[in-house]
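Okay, model_23.pdb now, which holds PDB, N, CA and C atoms:
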```
ATOM      1  N   MET A   1       7.326  26.529   2.908
ATOM      2  CA  MET A   1       6.352  25.453   2.958
ATOM      3  C   MET A   1       6.904  24.308   3.802
ATOM      4  N   PHE A   2       6.007  23.561   4.370
ATOM      5  CA  PHE A   2       6.328  22.470   5.280
ATOM      6  C   PHE A   2       5.979  21.152   4.604
ATOM      7  N   SER A   3       6.907  20.199   4.628
ATOM      8  CA  SER A   3       6.674  18.918   3.962
ATOM      9  C   SER A   3       6.723  17.773   4.967
ATOM     10  N   VAL A   4       5.931  16.755   4.670
ATOM     11  CA  VAL A   4       5.846  15.563   5.494
ATOM     12  C   VAL A   4       6.010  14.360   4.571
ATOM     13  N   TYR A   5       6.872  13.439   4.981
ATOM     14  CA  TYR A   5       7.082  12.205   4.231
ATOM     15  C   TYR A   5       6.885  11.049   5.198
ATOM     16  N   GLY A   6       6.115  10.057   4.799
ATOM     17  CA  GLY A   6       5.869   8.955   5.700
ATOM     18  C   GLY A   6       5.739   7.628   4.994
ATOM     19  N   ARG A   7       5.953   6.595   5.788
ATOM     20  CA  ARG A   7       5.770   5.234   5.295
ATOM     21  C   ARG A   7       4.973   4.462   6.328
ATOM     22  N   MET A   8       3.950   3.793   5.851
ATOM     23  CA  MET A   8       3.134   2.941   6.701
ATOM     24  C   MET A   8       3.088   1.552   6.083
ATOM     25  N   THR A   9       3.148   0.560   6.938
ATOM     26  CA  THR A   9       3.043  -0.817   6.479
ATOM     27  C   THR A   9       1.772  -1.419   7.055
ATOM     28  N   ALA A  10       0.858  -1.747   6.173
ATOM     29  CA  ALA A  10      -0.421  -2.322   6.593
ATOM     30  C   ALA A  10      -0.253  -3.797   6.924
ATOM     31  N   LEU A  11      -1.154  -4.282   7.737
ATOM     32  CA  LEU A  11      -1.227  -5.725   7.934
ATOM     33  C   LEU A  11      -1.518  -6.364   6.583
ATOM     34  N   PRO A  12      -1.077  -7.595   6.367
ATOM     35  CA  PRO A  12      -1.320  -8.241   5.070
ATOM     36  C   PRO A  12      -2.798  -8.188   4.674
ATOM     37  N   GLY A  13      -3.015  -7.715   3.455
ATOM     38  CA  GLY A  13      -4.358  -7.642   2.911
ATOM     39  C   GLY A  13      -5.183  -6.441   3.361
ATOM     40  N   ARG A  14      -4.596  -5.532   4.162
ATOM     41  CA  ARG A  14      -5.358  -4.396   4.694
ATOM     42  C   ARG A  14      -4.929  -3.053   4.096
ATOM     43  N   ARG A  15      -4.066  -3.103   3.079
ATOM     44  CA  ARG A  15      -3.548  -1.863   2.494
ATOM     45  C   ARG A  15      -4.650  -0.965   1.953
ATOM     46  N   ASP A  16      -5.605  -1.509   1.251
ATOM     47  CA  ASP A  16      -6.658  -0.682   0.660
ATOM     48  C   ASP A  16      -7.511  -0.010   1.733
ATOM     49  N   GLU A  17      -7.749  -0.698   2.846
ATOM     50  CA  GLU A  17      -8.466  -0.072   3.964
ATOM     51  C   GLU A  17      -7.669   1.101   4.523
ATOM     52  N   LEU A  18      -6.355   0.902   4.644
ATOM     53  CA  LEU A  18      -5.481   1.969   5.133
ATOM     54  C   LEU A  18      -5.532   3.172   4.195
ATOM     55  N   ILE A  19      -5.462   2.934   2.905
ATOM     56  CA  ILE A  19      -5.519   4.030   1.936
ATOM     57  C   ILE A  19      -6.848   4.778   2.050
ATOM     58  N   THR A  20      -7.947   4.056   2.205
ATOM     59  CA  THR A  20      -9.252   4.698   2.363
ATOM     60  C   THR A  20      -9.275   5.592   3.596
ATOM     61  N   LEU A  21      -8.728   5.111   4.706
ATOM     62  CA  LEU A  21      -8.684   5.929   5.922
ATOM     63  C   LEU A  21      -7.794   7.152   5.743
ATOM     64  N   LEU A  22      -6.666   6.992   5.066
ATOM     65  CA  LEU A  22      -5.786   8.137   4.832
ATOM     66  C   LEU A  22      -6.506   9.204   4.012
ATOM     67  N   LEU A  23      -7.205   8.788   2.996
ATOM     68  CA  LEU A  23      -7.994   9.745   2.204
ATOM     69  C   LEU A  23      -9.071  10.416   3.052
ATOM     70  N   ASP A  24      -9.742   9.639   3.894
ATOM     71  CA  ASP A  24     -10.745  10.209   4.793
ATOM     72  C   ASP A  24     -10.121  11.251   5.709
ATOM     73  N   GLY A  25      -8.915  10.966   6.192
ATOM     74  CA  GLY A  25      -8.220  11.909   7.071
ATOM     75  C   GLY A  25      -7.876  13.202   6.367
ATOM     76  N   PHE A  26      -7.385  13.110   5.139
ATOM     77  CA  PHE A  26      -7.077  14.329   4.380
ATOM     78  C   PHE A  26      -8.345  15.141   4.138
ATOM     79  N   ARG A  27      -9.420  14.475   3.794
ATOM     80  CA  ARG A  27     -10.692  15.173   3.544
ATOM     81  C   ARG A  27     -11.257  15.786   4.820
ATOM     82  N   ALA A  28     -11.056  15.113   5.954
ATOM     83  CA  ALA A  28     -11.579  15.616   7.237
ATOM     84  C   ALA A  28     -10.953  16.951   7.618
ATOM     85  N   GLY A  29      -9.765  17.222   7.095
ATOM     86  CA  GLY A  29      -9.108  18.491   7.388
ATOM     87  C   GLY A  29      -9.782  19.678   6.747
ATOM     88  N   GLY A  30     -10.544  19.448   5.716
ATOM     89  CA  GLY A  30     -11.256  20.533   5.041
ATOM     90  C   GLY A  30     -10.413  21.194   3.963
ATOM     91  N   ASP A  31     -11.082  21.942   3.117
ATOM     92  CA  ASP A  31     -10.421  22.588   1.979
ATOM     93  C   ASP A  31      -9.518  23.747   2.371
ATOM     94  N   ASP A  32      -9.743  24.335   3.526
ATOM     95  CA  ASP A  32      -8.951  25.493   3.936
ATOM     96  C   ASP A  32      -7.952  25.156   5.044
ATOM     97  N   SER A  33      -7.506  23.906   5.086
ATOM     98  CA  SER A  33      -6.618  23.435   6.149
ATOM     99  C   SER A  33      -5.172  23.907   5.993
ATOM    100  N   GLY A  34      -4.806  24.335   4.807
ATOM    101  CA  GLY A  34      -3.408  24.673   4.550
ATOM    102  C   GLY A  34      -2.645  23.540   3.892
ATOM    103  N   LEU A  35      -3.318  22.421   3.656
ATOM    104  CA  LEU A  35      -2.701  21.314   2.926
ATOM    105  C   LEU A  35      -2.762  21.645   1.444
ATOM    106  N   LEU A  36      -1.610  21.843   0.834
ATOM    107  CA  LEU A  36      -1.556  22.241  -0.571
ATOM    108  C   LEU A  36      -1.689  21.058  -1.515
ATOM    109  N   THR A  37      -1.016  19.987  -1.166
ATOM    110  CA  THR A  37      -1.084  18.789  -2.005
ATOM    111  C   THR A  37      -0.632  17.582  -1.191
ATOM    112  N   TYR A  38      -1.081  16.425  -1.609
ATOM    113  CA  TYR A  38      -0.642  15.189  -0.984
ATOM    114  C   TYR A  38      -0.683  14.083  -2.018
ATOM    115  N   SER A  39       0.121  13.067  -1.760
ATOM    116  CA  SER A  39       0.048  11.882  -2.599
ATOM    117  C   SER A  39       0.158  10.659  -1.708
ATOM    118  N   ILE A  40      -0.550   9.633  -2.110
ATOM    119  CA  ILE A  40      -0.489   8.337  -1.459
ATOM    120  C   ILE A  40       0.043   7.381  -2.509
ATOM    121  N   ASN A  41       1.128   6.706  -2.181
ATOM    122  CA  ASN A  41       1.816   5.869  -3.157
ATOM    123  C   ASN A  41       1.970   4.454  -2.630
ATOM    124  N   THR A  42       1.944   3.496  -3.540
ATOM    125  CA  THR A  42       2.204   2.108  -3.170
ATOM    126  C   THR A  42       3.488   1.658  -3.855
ATOM    127  N   ALA A  43       4.116   0.673  -3.248
ATOM    128  CA  ALA A  43       5.376   0.158  -3.776
ATOM    129  C   ALA A  43       5.114  -1.032  -4.700
ATOM    130  N   PHE A  44       5.852  -1.094  -5.795
ATOM    131  CA  PHE A  44       5.723  -2.224  -6.718
ATOM    132  C   PHE A  44       6.086  -3.544  -6.044
ATOM    133  N   ASP A  45       7.113  -3.501  -5.215
ATOM    134  CA  ASP A  45       7.667  -4.734  -4.658
ATOM    135  C   ASP A  45       7.193  -5.060  -3.242
ATOM    136  N   ASP A  46       6.302  -4.262  -2.686
ATOM    137  CA  ASP A  46       5.804  -4.514  -1.338
ATOM    138  C   ASP A  46       4.327  -4.137  -1.289
ATOM    139  N   PRO A  47       3.437  -5.091  -1.429
ATOM    140  CA  PRO A  47       2.014  -4.787  -1.542
ATOM    141  C   PRO A  47       1.388  -4.200  -0.283
ATOM    142  N   ASP A  48       2.082  -4.224   0.846
ATOM    143  CA  ASP A  48       1.508  -3.721   2.089
ATOM    144  C   ASP A  48       2.031  -2.349   2.489
ATOM    145  N   THR A  49       2.991  -1.818   1.751
ATOM    146  CA  THR A  49       3.602  -0.545   2.108
ATOM    147  C   THR A  49       2.933   0.617   1.376
ATOM    148  N   VAL A  50       2.693   1.693   2.138
ATOM    149  CA  VAL A  50       2.105   2.916   1.609
ATOM    150  C   VAL A  50       3.061   4.059   1.942
ATOM    151  N   TRP A  51       3.377   4.864   0.939
ATOM    152  CA  TRP A  51       4.223   6.049   1.117
ATOM    153  C   TRP A  51       3.344   7.281   0.997
ATOM    154  N   LEU A  52       3.545   8.245   1.889
ATOM    155  CA  LEU A  52       2.775   9.489   1.882
ATOM    156  C   LEU A  52       3.702  10.671   1.663
ATOM    157  N   THR A  53       3.237  11.632   0.920
ATOM    158  CA  THR A  53       3.927  12.905   0.766
ATOM    159  C   THR A  53       2.883  13.996   0.925
ATOM    160  N   GLN A  54       3.188  14.973   1.774
ATOM    161  CA  GLN A  54       2.269  16.081   2.011
ATOM    162  C   GLN A  54       3.037  17.393   1.901
ATOM    163  N   LEU A  55       2.391  18.401   1.375
ATOM    164  CA  LEU A  55       2.966  19.737   1.306
ATOM    165  C   LEU A  55       1.958  20.707   1.911
ATOM    166  N   TRP A  56       2.387  21.411   2.956
ATOM    167  CA  TRP A  56       1.552  22.332   3.711
ATOM    168  C   TRP A  56       2.062  23.755   3.546
ATOM    169  N   ILE A  57       1.177  24.719   3.775
ATOM    170  CA  ILE A  57       1.624  26.115   3.698
ATOM    171  C   ILE A  57       2.655  26.408   4.779
ATOM    172  N   ASP A  58       2.499  25.798   5.952
ATOM    173  CA  ASP A  58       3.487  25.939   7.027
ATOM    174  C   ASP A  58       3.209  24.887   8.103
ATOM    175  N   LYS A  59       4.124  24.784   9.050
ATOM    176  CA  LYS A  59       4.009  23.794  10.115
ATOM    177  C   LYS A  59       2.782  24.065  10.993
ATOM    178  N   GLU A  60       2.478  25.319  11.209
ATOM    179  CA  GLU A  60       1.336  25.659  12.042
ATOM    180  C   GLU A  60       0.032  25.130  11.456
ATOM    181  N   ALA A  61      -0.124  25.225  10.156
ATOM    182  CA  ALA A  61      -1.327  24.693   9.503
ATOM    183  C   ALA A  61      -1.387  23.178   9.666
ATOM    184  N   HIS A  62      -0.259  22.515   9.484
ATOM    185  CA  HIS A  62      -0.179  21.061   9.672
ATOM    186  C   HIS A  62      -0.595  20.689  11.092
ATOM    187  N   ASP A  63       0.022  21.349  12.065
ATOM    188  CA  ASP A  63      -0.239  21.012  13.457
ATOM    189  C   ASP A  63      -1.702  21.253  13.832
ATOM    190  N   ALA A  64      -2.255  22.377  13.437
ATOM    191  CA  ALA A  64      -3.645  22.694  13.760
ATOM    192  C   ALA A  64      -4.599  21.677  13.131
ATOM    193  N   THR A  65      -4.339  21.304  11.899
ATOM    194  CA  THR A  65      -5.223  20.372  11.199
ATOM    195  C   THR A  65      -5.126  18.974  11.783
ATOM    196  N   THR A  66      -3.912  18.491  12.001
ATOM    197  CA  THR A  66      -3.764  17.123  12.493
ATOM    198  C   THR A  66      -4.243  16.974  13.934
ATOM    199  N   ARG A  67      -4.309  18.077  14.668
ATOM    200  CA  ARG A  67      -4.820  18.033  16.046
ATOM    201  C   ARG A  67      -6.328  18.273  16.122
ATOM    202  N   SER A  68      -6.940  18.640  15.005
ATOM    203  CA  SER A  68      -8.386  18.893  15.013
ATOM    204  C   SER A  68      -9.137  17.585  15.256
ATOM    205  N   GLU A  69     -10.293  17.689  15.880
ATOM    206  CA  GLU A  69     -11.053  16.485  16.213
ATOM    207  C   GLU A  69     -11.470  15.672  14.981
ATOM    208  N   PRO A  70     -11.923  16.291  13.881
ATOM    209  CA  PRO A  70     -12.292  15.468  12.717
ATOM    210  C   PRO A  70     -11.132  14.616  12.191
ATOM    211  N   VAL A  71      -9.938  15.192  12.143
ATOM    212  CA  VAL A  71      -8.768  14.439  11.660
ATOM    213  C   VAL A  71      -8.339  13.421  12.713
ATOM    214  N   ALA A  72      -8.321  13.824  13.968
ATOM    215  CA  ALA A  72      -7.924  12.908  15.041
ATOM    216  C   ALA A  72      -8.844  11.689  15.101
ATOM    217  N   ALA A  73     -10.131  11.888  14.842
ATOM    218  CA  ALA A  73     -11.082  10.768  14.866
ATOM    219  C   ALA A  73     -10.728   9.724  13.811
ATOM    220  N   VAL A  74     -10.309  10.179  12.651
ATOM    221  CA  VAL A  74      -9.884   9.244  11.599
ATOM    222  C   VAL A  74      -8.546   8.622  11.970
ATOM    223  N   THR A  75      -7.629   9.425  12.467
ATOM    224  CA  THR A  75      -6.291   8.947  12.821
ATOM    225  C   THR A  75      -6.353   7.825  13.852
ATOM    226  N   ARG A  76      -7.264   7.887  14.769
ATOM    227  CA  ARG A  76      -7.394   6.838  15.793
ATOM    228  C   ARG A  76      -7.776   5.486  15.195
ATOM    229  N   GLN A  77      -8.301   5.475  13.991
ATOM    230  CA  GLN A  77      -8.704   4.219  13.345
ATOM    231  C   GLN A  77      -7.549   3.543  12.601
ATOM    232  N   VAL A  78      -6.435   4.247  12.435
ATOM    233  CA  VAL A  78      -5.320   3.731  11.636
ATOM    234  C   VAL A  78      -4.509   2.639  12.340
ATOM    235  N   PRO A  79      -4.107   2.784  13.606
ATOM    236  CA  PRO A  79      -3.205   1.797  14.216
ATOM    237  C   PRO A  79      -3.623   0.338  14.106
ATOM    238  N   PRO A  80      -4.908  -0.020  14.224
ATOM    239  CA  PRO A  80      -5.267  -1.440  14.092
ATOM    240  C   PRO A  80      -4.987  -2.031  12.708
ATOM    241  N   LEU A  81      -4.751  -1.186  11.716
ATOM    242  CA  LEU A  81      -4.475  -1.676  10.365
ATOM    243  C   LEU A  81      -2.980  -1.832  10.095
ATOM    244  N   LEU A  82      -2.138  -1.407  11.029
ATOM    245  CA  LEU A  82      -0.702  -1.354  10.791
ATOM    246  C   LEU A  82       0.047  -2.573  11.328
ATOM    247  N   ALA A  83       1.026  -2.994  10.556
ATOM    248  CA  ALA A  83       1.896  -4.095  10.963
ATOM    249  C   ALA A  83       3.044  -3.605  11.849
ATOM    250  N   ARG A  84       3.365  -2.313  11.762
ATOM    251  CA  ARG A  84       4.443  -1.725  12.569
ATOM    252  C   ARG A  84       4.215  -0.234  12.692
ATOM    253  N   GLN A  85       4.998   0.389  13.547
ATOM    254  CA  GLN A  85       4.917   1.837  13.740
ATOM    255  C   GLN A  85       5.186   2.559  12.433
ATOM    256  N   PRO A  86       4.441   3.611  12.139
ATOM    257  CA  PRO A  86       4.744   4.411  10.950
ATOM    258  C   PRO A  86       6.109   5.074  11.086
ATOM    259  N   GLU A  87       6.722   5.334   9.954
ATOM    260  CA  GLU A  87       8.002   6.045   9.915
ATOM    261  C   GLU A  87       7.790   7.317   9.116
ATOM    262  N   GLY A  88       8.558   8.340   9.435
ATOM    263  CA  GLY A  88       8.410   9.557   8.672
ATOM    264  C   GLY A  88       9.423  10.612   9.051
ATOM    265  N   CYS A  89       9.357  11.699   8.315
ATOM    266  CA  CYS A  89      10.211  12.836   8.601
ATOM    267  C   CYS A  89       9.538  14.103   8.079
ATOM    268  N   TYR A  90      10.021  15.219   8.586
ATOM    269  CA  TYR A  90       9.489  16.532   8.221
ATOM    270  C   TYR A  90      10.584  17.327   7.541
ATOM    271  N   GLY A  91      10.169  18.274   6.726
ATOM    272  CA  GLY A  91      11.167  19.082   6.048
ATOM    273  C   GLY A  91      10.618  20.435   5.620
ATOM    274  N   HIS A  92      11.502  21.187   5.032
ATOM    275  CA  HIS A  92      11.165  22.487   4.471
ATOM    276  C   HIS A  92      11.303  22.361   2.959
ATOM    277  N   ALA A  93      10.213  22.576   2.245
ATOM    278  CA  ALA A  93      10.255  22.475   0.783
ATOM    279  C   ALA A  93      11.052  23.651   0.227
ATOM    280  N   VAL A  94      12.089  23.374  -0.521
ATOM    281  CA  VAL A  94      12.917  24.433  -1.092
ATOM    282  C   VAL A  94      12.672  24.635  -2.580
ATOM    283  N   TYR A  95      11.993  23.703  -3.210
ATOM    284  CA  TYR A  95      11.689  23.836  -4.628
ATOM    285  C   TYR A  95      10.393  23.094  -4.910
ATOM    286  N   VAL A  96       9.420  23.783  -5.472
ATOM    287  CA  VAL A  96       8.135  23.186  -5.827
ATOM    288  C   VAL A  96       7.801  23.635  -7.236
ATOM    289  N   HIS A  97       7.631  22.683  -8.126
ATOM    290  CA  HIS A  97       7.354  22.958  -9.548
ATOM    291  C   HIS A  97       8.426  23.893 -10.111
ATOM    292  N   ASP A  98       8.017  25.077 -10.494
ATOM    293  CA  ASP A  98       8.951  25.979 -11.138
ATOM    294  C   ASP A  98       9.381  27.141 -10.254
ATOM    295  N   ARG A  99       9.346  26.950  -8.946
ATOM    296  CA  ARG A  99       9.749  28.067  -8.105
ATOM    297  C   ARG A  99      10.532  27.598  -6.880
ATOM    298  N   THR A 100      11.429  28.440  -6.438
ATOM    299  CA  THR A 100      12.154  28.217  -5.202
ATOM    300  C   THR A 100      11.314  28.826  -4.094
ATOM    301  N   THR A 101      11.231  28.146  -2.968
ATOM    302  CA  THR A 101      10.327  28.600  -1.914
ATOM    303  C   THR A 101      11.021  29.405  -0.824
ATOM    304  N   GLU A 102      12.289  29.598  -0.899
ATOM    305  CA  GLU A 102      12.986  30.367   0.143
ATOM    306  C   GLU A 102      12.992  31.829  -0.159
TER
END
```
Can you give me the file's structure in the form of structure tokens?
Amino acid sequence: MFSVYGRMTALPGRRDELITLLLDGFRAGGDDSGLLTYSINTAFDDPDTVWLTQLWIDKEAHDATTRSEPVAAVTRQVPPLLARQPEGCYGHAVYVHDRTTE
């Protein structure tokens, strides 16, 4: 499985708009996109920061979905809400719930 971890910092007071767009982007990918699960998290001590975690069946599913026009259309709306460049990293999930994935 392929994992994505990211952090976005919204402009002051725009965090909820950013979260709405992120949800729209996940939904735009469709139910059969290969996205197994995702979470959108906020920080207790930073009201403008949003943390994302995504788990995909594989990198190919991630790449195909994020490059699709419905997702790209939502993604293009995100930068005006950001105070800085998003940060993130990719990984290989080695343990999910009660199973090893290797």
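Coordinates place CA of Ala28 (chain A) at a distance of 5.5 Å from CA of Pro70 (chain A).
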| Resolved residues for the PyMOL selection byres ((chain A and resi 2) around 7) as a PyMOL selection string | chain A and resi 1+3-4+54-59+90-93
| query | Given the file above and the PyMOL selection byres ((chain A and resi 33-42) around 8), which residues are selected, and can you give them as a ChimeraX atom specification? | reply | /A:19,28-32,43-58,60-62,64-65
| said: With only N, CA and C atoms as the counted atoms, please give the residues lying no more than 6.5 Å from region 76-81 of chain A, apart from itself and same-chain residues fewer than 6 positions off, as a list in words. | reply: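 My list of contacting residues is Thr9, Ala10, Leu11, Arg14 and Leu18 of chain A.
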| Which value, in Å to one decimal, gives the distance between CA of Leu21 (chain A) and CA of Arg67 (chain A)? |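 That distance, rounded to one decimal, is 16.2 Å.
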| task | Please indicate the distance in Å from CA of Gly88 (chain A) to CA of Glu69 (chain A), rounded to one decimal place. | result |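 CA of Glu69 (chain A) lies 22.0 Å from CA of Gly88 (chain A).
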| strand (DSSP E or B) positions in chain A, given as number ranges by chain | A: 2-10, 35-43, 46-56, 82, 87-92, 95-96, 99-100
Would you compute, for all listed atoms of region 75-89 of chain A, the axis-aligned bounding box grown by 8 Å on each side, and then report its centre and edge lengths in Å rounded to one decimal, as AutoDock Vina command-line options?
```
--center_x 0.8 --center_y 5.0 --center_z 11.9 --size_x 34.9 --size_y 34.2 --size_z 23.7
```
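Proximity to Leu22 (chain A) was assessed for A:Val74, A:Gly6, A:Val94, A:Thr66 counting only C-alpha atoms; the smallest distance is recorded for A:Val74.
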| alpha helix (DSSP H) per DSSP on the backbone: members of region 8-73 of chain A, as number ranges by chain | A: 15-28, 59-67, 69-73
Model the absent atoms of region 33-43 of chain A so that all heavy atoms are present, and write the result as a compact mmCIF listing (two decimals), keeping the file's coordinate frame.
```
# COMPACT_ATOMS: atom_id res chain seq x y z
N SER A 33 -7.51 23.91 5.09
CA SER A 33 -6.62 23.44 6.15
C SER A 33 -5.17 23.91 5.99
O SER A 33 -4.40 23.83 6.94
CB SER A 33 -6.63 21.91 6.19
OG SER A 33 -6.02 21.38 5.02
N GLY A 34 -4.81 24.34 4.81
CA GLY A 34 -3.41 24.67 4.55
C GLY A 34 -2.64 23.54 3.89
O GLY A 34 -1.46 23.67 3.59
N LEU A 35 -3.32 22.42 3.66
CA LEU A 35 -2.70 21.31 2.93
C LEU A 35 -2.76 21.64 1.44
O LEU A 35 -3.85 21.75 0.86
CB LEU A 35 -3.43 20.00 3.21
CG LEU A 35 -2.92 18.76 2.51
CD1 LEU A 35 -1.47 18.46 2.87
CD2 LEU A 35 -3.80 17.56 2.84
N LEU A 36 -1.61 21.84 0.83
CA LEU A 36 -1.56 22.24 -0.57
C LEU A 36 -1.69 21.06 -1.52
O LEU A 36 -2.36 21.14 -2.53
CB LEU A 36 -0.25 22.98 -0.85
CG LEU A 36 -0.04 24.25 -0.02
CD1 LEU A 36 1.37 24.79 -0.24
CD2 LEU A 36 -1.08 25.29 -0.40
N THR A 37 -1.02 19.99 -1.17
CA THR A 37 -1.08 18.79 -2.00
C THR A 37 -0.63 17.58 -1.19
O THR A 37 0.09 17.72 -0.20
CB THR A 37 -0.24 18.93 -3.29
OG1 THR A 37 -0.51 17.84 -4.17
CG2 THR A 37 1.23 18.98 -2.98
N TYR A 38 -1.08 16.42 -1.61
CA TYR A 38 -0.64 15.19 -0.98
C TYR A 38 -0.68 14.08 -2.02
O TYR A 38 -1.41 14.17 -3.01
CB TYR A 38 -1.50 14.83 0.24
CG TYR A 38 -2.95 14.53 -0.08
CD1 TYR A 38 -3.37 13.24 -0.38
CD2 TYR A 38 -3.90 15.54 -0.07
CE1 TYR A 38 -4.68 12.97 -0.67
CE2 TYR A 38 -5.23 15.27 -0.36
CZ TYR A 38 -5.61 13.98 -0.66
OH TYR A 38 -6.93 13.71 -0.95
N SER A 39 0.12 13.07 -1.76
CA SER A 39 0.05 11.88 -2.60
C SER A 39 0.16 10.66 -1.71
O SER A 39 0.83 10.67 -0.68
CB SER A 39 1.14 11.87 -3.68
OG SER A 39 2.42 11.78 -3.10
N ILE A 40 -0.55 9.63 -2.11
CA ILE A 40 -0.49 8.34 -1.46
C ILE A 40 0.04 7.38 -2.51
O ILE A 40 -0.52 7.29 -3.60
CB ILE A 40 -1.88 7.89 -0.97
CG1 ILE A 40 -2.44 8.90 0.04
CG2 ILE A 40 -1.81 6.49 -0.36
CD1 ILE A 40 -3.88 8.63 0.43
N ASN A 41 1.13 6.71 -2.18
CA ASN A 41 1.82 5.87 -3.16
C ASN A 41 1.97 4.45 -2.63
O ASN A 41 2.11 4.24 -1.43
CB ASN A 41 3.21 6.45 -3.42
CG ASN A 41 3.15 7.91 -3.77
OD1 ASN A 41 2.88 8.27 -4.89
ND2 ASN A 41 3.36 8.77 -2.78
N THR A 42 1.94 3.50 -3.54
CA THR A 42 2.20 2.11 -3.17
C THR A 42 3.49 1.66 -3.86
O THR A 42 3.88 2.20 -4.88
CB THR A 42 1.04 1.20 -3.58
OG1 THR A 42 0.83 1.30 -4.99
CG2 THR A 42 -0.25 1.59 -2.86
N ALA A 43 4.12 0.67 -3.25
CA ALA A 43 5.38 0.16 -3.78
C ALA A 43 5.11 -1.03 -4.70
O ALA A 43 4.25 -1.86 -4.42
CB ALA A 43 6.29 -0.26 -2.63
```
